[in-house]
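A short write-up of the structure that comes next.
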Amino acid sequence: MALSLPHTLQALLFASGEAMPKKQILTLLEIPEDMLAAAIHELAGELEGTGLALIETSMELELRTSPAAAGVVDKLRKNELSRDLGKAGLESLAIILYQNGATRSEVDYVRGVNSTAALRSLLMRGLVERSIDATDRRRARYTASVDALAHLGLSRMQDLPNFTELAGTLAAHQAANEEAILEAEAV
């Protein structure tokens, strides 16, 4: 059973987890602007009185928690922030620091497991920043924030223990992985 256009839009925004340019949505859904406008209007109406809200600017759309849920969401964030980073968070932060930025898939590859929750925790704590990856605009790139360096008592990433050695090892590992992917695609 196919989803209606508003529900397909909802799924797309949920899966993205961040604001999406309307132009990208139009391209992905292969629809004209008037159909998108109608789907936005219908979805916004359906979400009224629920825990979610559709946030719209002239250029972007984002699915967010409803302002009415702010109290409970704030409790969740405070609970998450009161816990230690944990092994997953520390590993993810180390990979981002030593690679001078990484995508989620790069962090996942080095760690060998899904790092979504760890990256979310780092974002919420302000230890990493998310931006659009210059090589592939569909991906996000995570970089260490100034707060991360201050939290670690560092003034620059090169002050990390064994920075040159570990950064070189990670770069070589990533290059070998990219080469293996290219070889596999050539077959």
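Ordered as shown in the structure tokens, chains take letters A, B, and onward, while each chain numbers its residues from 1 and ligands are numbered from 1 in the order shown.
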Legend entry - Secondary structure check, alpha helix (DSSP H) residues of segment 1-181 of chain A, as an MDAnalysis selection string: chainID A and resid 5:16 22:29 33:47 70:82 86:98 104:111 116:124 146:151 163:181
Skip Val107 of chain A itself and residues of its chain fewer than 3 positions away, then list as a PDB file with C-alpha atoms, in the first residue's frame all residues within 12 Å of it, counting only C-alpha atoms.
ATOM      1  CA  ALA A  88      30.420   5.104  22.450  1.00  0.00           C
ATOM      2  CA  GLY A  89      30.439   8.881  22.831  1.00  0.00           C
ATOM      3  CA  LEU A  90      34.138   9.005  23.626  1.00  0.00           C
ATOM      4  CA  GLU A  91      35.013   6.745  20.689  1.00  0.00           C
ATOM      5  CA  SER A  92      32.899   8.823  18.310  1.00  0.00           C
ATOM      6  CA  LEU A  93      34.390  12.085  19.575  1.00  0.00           C
ATOM      7  CA  ALA A  94      37.916  10.679  19.222  1.00  0.00           C
ATOM      8  CA  ILE A  95      37.274   9.635  15.617  1.00  0.00           C
ATOM      9  CA  ILE A  96      35.887  13.071  14.781  1.00  0.00           C
ATOM     10  CA  LEU A  97      38.814  14.795  16.469  1.00  0.00           C
ATOM     11  CA  TYR A  98      41.578  12.669  14.961  1.00  0.00           C
ATOM     12  CA  GLN A  99      40.036  12.746  11.462  1.00  0.00           C
ATOM     13  CA  ASN A 100      39.383  16.473  11.749  1.00  0.00           C
ATOM     14  CA  GLY A 101      35.720  15.797  10.995  1.00  0.00           C
ATOM     15  CA  ALA A 102      33.798  12.742   9.877  1.00  0.00           C
ATOM     16  CA  THR A 103      30.416  11.646   8.515  1.00  0.00           C
ATOM     17  CA  ARG A 104      28.217   9.279  10.490  1.00  0.00           C
ATOM     18  CA  VAL A 110      35.715   2.804  12.310  1.00  0.00           C
ATOM     19  CA  ARG A 111      33.657   1.820  15.368  1.00  0.00           C
ATOM     20  CA  GLY A 112      32.027  -1.153  13.630  1.00  0.00           C
ATOM     21  CA  VAL A 113      28.561  -0.259  14.980  1.00  0.00           C
ATOM     22  CA  ASN A 114      25.814   2.320  14.472  1.00  0.00           C
ATOM     23  CA  SER A 115      26.850   5.633  16.058  1.00  0.00           C
ATOM     24  CA  THR A 116      23.636   7.621  15.658  1.00  0.00           C
ATOM     25  CA  ALA A 117      22.844   7.804  19.383  1.00  0.00           C
ATOM     26  CA  ALA A 118      26.423   8.718  20.294  1.00  0.00           C
ATOM     27  CA  LEU A 119      26.513  11.504  17.705  1.00  0.00           C
ATOM     28  CA  ALA A 140      26.186  15.612   7.301  1.00  0.00           C
ATOM     29  CA  ARG A 141      29.766  16.109   8.456  1.00  0.00           C
ATOM     30  CA  TYR A 142      30.524  16.317  12.159  1.00  0.00           C
ATOM     31  CA  THR A 143      33.378  18.430  13.461  1.00  0.00           C
ATOM     32  CA  LEU A 170      43.023   6.837  10.366  1.00  0.00           C
ATOM     33  CA  GLN A 174      40.095   5.463   5.212  1.00  0.00           C
TER      34      GLN A 174
END
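Ranking A:Leu182, A:Leu152, A:Ala2, A:Met20 by their shortest atom-to-atom distance to Arg138 of chain A, with only C-alpha atoms included, puts A:Met20 first.
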Inset, instruction - Just the residues within 12 Å of Leu9 of chain A, please, counting only C-alpha atoms, with nothing from its chain fewer than 2 positions along; format it as a ChimeraX atom specification. - result: /A:3-7,11-16,20,22,24-26,28-31,35-44,54,61-63
Inset, instruction - Can you check which residues of segment 46-134 of chain A DSSP gives as strand (DSSP E or B) on the backbone and send them as a PyMOL selection string? - result: chain A and resi 52-56+60-65+102-103+128-132
Inset, instruction - For atom CA of Glu56 of chain A and atom CA of Asp136 of chain A, determine how far apart the two atoms are, in Å to one decimal place. - result: 23.8 Å
